[in-house]
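Source file entry_8.tsv; content: TSV, C-alpha atoms.
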```tsv
chain	number	residue	atom	x	y	z
A	1	MET	CA	0.00	0.00	0.00
A	2	LEU	CA	2.89	2.36	0.68
A	3	ASN	CA	4.86	1.46	-2.45
A	4	VAL	CA	8.05	0.86	-0.45
A	5	ALA	CA	10.11	-2.32	-0.59
A	6	PRO	CA	10.43	-4.03	2.81
A	7	THR	CA	14.20	-3.63	2.64
A	8	GLN	CA	13.87	0.15	2.18
A	9	LEU	CA	12.26	0.72	5.57
A	10	ARG	CA	14.58	1.09	8.54
A	11	LEU	CA	14.14	-1.41	11.36
A	12	ASN	CA	12.66	1.13	13.75
A	13	GLY	CA	9.96	1.75	11.14
A	14	TRP	CA	8.91	-1.90	11.29
A	15	ALA	CA	8.80	-1.61	15.09
A	16	PHE	CA	6.47	1.42	14.81
A	17	VAL	CA	4.19	-0.49	12.46
A	18	ARG	CA	4.05	-3.60	14.65
A	19	CYS	CA	3.50	-1.66	17.87
A	20	PHE	CA	0.68	0.28	16.22
A	21	GLU	CA	-0.93	-2.99	15.10
A	22	LEU	CA	-0.68	-4.46	18.60
A	23	LEU	CA	-2.03	-1.32	20.24
A	24	CYS	CA	-5.01	-1.24	17.89
A	25	GLN	CA	-5.64	-4.91	18.54
A	26	ASN	CA	-5.53	-4.32	22.31
A	27	LEU	CA	-7.95	-1.37	22.02
A	28	GLU	CA	-10.15	-3.36	19.62
A	29	ILE	CA	-9.99	-0.76	16.85
A	30	LEU	CA	-9.28	-1.36	13.19
A	31	PRO	CA	-5.74	-0.25	12.24
A	32	THR	CA	-5.83	1.87	9.09
A	33	LEU	CA	-3.29	3.91	7.19
A	34	GLU	CA	-5.20	7.08	8.01
A	35	LYS	CA	-4.96	6.39	11.73
A	36	PHE	CA	-1.32	5.35	11.45
A	37	PHE	CA	-0.34	8.53	9.64
A	38	CYS	CA	-2.07	10.67	12.26
A	39	PHE	CA	0.80	9.68	14.54
A	40	PHE	CA	3.71	8.88	12.21
A	41	GLU	CA	5.20	10.43	9.07
A	42	TRP	CA	7.62	9.27	6.36
A	43	ARG	CA	11.14	10.58	6.01
A	44	VAL	CA	13.49	9.55	3.23
A	45	ASN	CA	17.26	9.79	3.08
A	46	LYS	CA	17.87	10.82	-0.55
A	47	ARG	CA	21.45	9.52	-0.56
A	48	SER	CA	20.68	6.00	0.61
A	49	TYR	CA	16.99	5.60	-0.35
A	50	TRP	CA	16.18	4.35	3.14
A	51	TRP	CA	12.77	5.32	4.49
A	52	SER	CA	12.16	5.92	8.16
A	53	LEU	CA	9.18	6.78	10.30
A	54	SER	CA	9.05	9.46	12.95
A	55	ASN	CA	6.33	10.78	15.18
A	56	VAL	CA	4.14	13.68	14.14
A	57	ALA	CA	4.65	16.68	16.41
A	58	ASP	CA	1.93	17.09	19.07
A	59	HIS	CA	0.37	13.69	18.28
A	60	ASN	CA	1.52	11.35	21.00
A	61	LEU	CA	0.11	7.85	20.68
A	62	ILE	CA	1.19	6.78	24.19
A	63	THR	CA	-0.60	9.73	25.83
A	64	ILE	CA	-3.80	8.83	24.00
A	65	TYR	CA	-3.38	5.18	25.02
A	66	ASN	CA	-2.84	6.14	28.68
A	67	ASN	CA	-5.92	8.40	28.65
A	68	ILE	CA	-8.05	5.55	27.28
A	69	ILE	CA	-6.73	3.02	29.82
A	70	ILE	CA	-7.12	5.35	32.82
A	71	ALA	CA	-10.61	6.56	31.83
```

So that I can check it, write out the structure of this file as structure tokens.
Amino acid sequence: MLNVAPTQLRLNGWAFVRCFELLCQNLEILPTLEKFFCFFEWRVNKRSYWWSLSNVADHNLITIYNNIIIA
């Protein structure tokens, strides 16, 4: 769906994806690309063609998770 070869994504990117899947499963919500990209964004290193994921500023997934669990 993202048009990126698995070998082009840095290892921490795969960890972000898997953690997001597990969190959605735990909260019993459907993981979608739209939801994923509310919290993470793509970054590419033009020299090496590696893609990485980083968090979107002011969108903290763990804070939202904690608020749901505590409430």

Which residue gives the smallest distance to Arg10 (chain A) among A:Leu33, A:Leu23, A:Leu53, A:Cys38, with only C-alpha atoms counted?
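Closest to Arg10 (chain A) of all the choices is A:Leu53.
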
Taking (8.7, 9.5, 6.8) in the file's own coordinates, collect the residues within 7 Å, counting all atoms listed in the file, and hand them back as a list of chain:residue names.
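Here is the list of nearby residues: A:Glu41, A:Trp42, A:Arg43, A:Val44, A:Trp51, A:Ser52, A:Leu53, A:Ser54.
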
Got a sec: who's within 10 Å of Thr32 (chain A), counting all atoms listed in the file, leaving out chain neighbours fewer than 6 positions off, as a list in words?
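Counting only the stated atoms, we get Phe20, Glu21 and Cys24 of chain A.
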
Between CA of Asn12 (chain A) and CA of Arg47 (chain A), measure the distance and give it in Å to one decimal.
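Between CA of Asn12 (chain A) and CA of Arg47 (chain A) the gap works out to 18.8 Å.
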
Coordinates of box centre and edge lengths for region 35-50 of chain A, 5 Å on every side, axis-aligned, as JSON:
```
{"center_x": 8.2, "center_y": 7.6, "center_z": 7.0, "size_x": 36.4, "size_y": 16.5, "size_z": 25.1}
```

Report, in Å to a single decimal, how far apart CA of Gly13 (chain A) and CA of Asn55 (chain A) are.
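CA of Gly13 (chain A) lies 10.5 Å from CA of Asn55 (chain A).
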
re CA of Val4 (chain A) and CA of Phe37 (chain A): distance 15.2 Å

So, with all atoms listed in the file as the atoms that count, which of A:Phe40, A:Cys19, A:Lys35, A:Trp50 lies closest to Thr7 (chain A)?
A:Trp50

For Gln8 (chain A), which residue out of A:Ala57, A:Leu27, A:Phe39, A:Lys46 is the nearest one, using only C-alpha atoms?
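That would be A:Lys46, the residue with the smallest distance to Gln8 (chain A).
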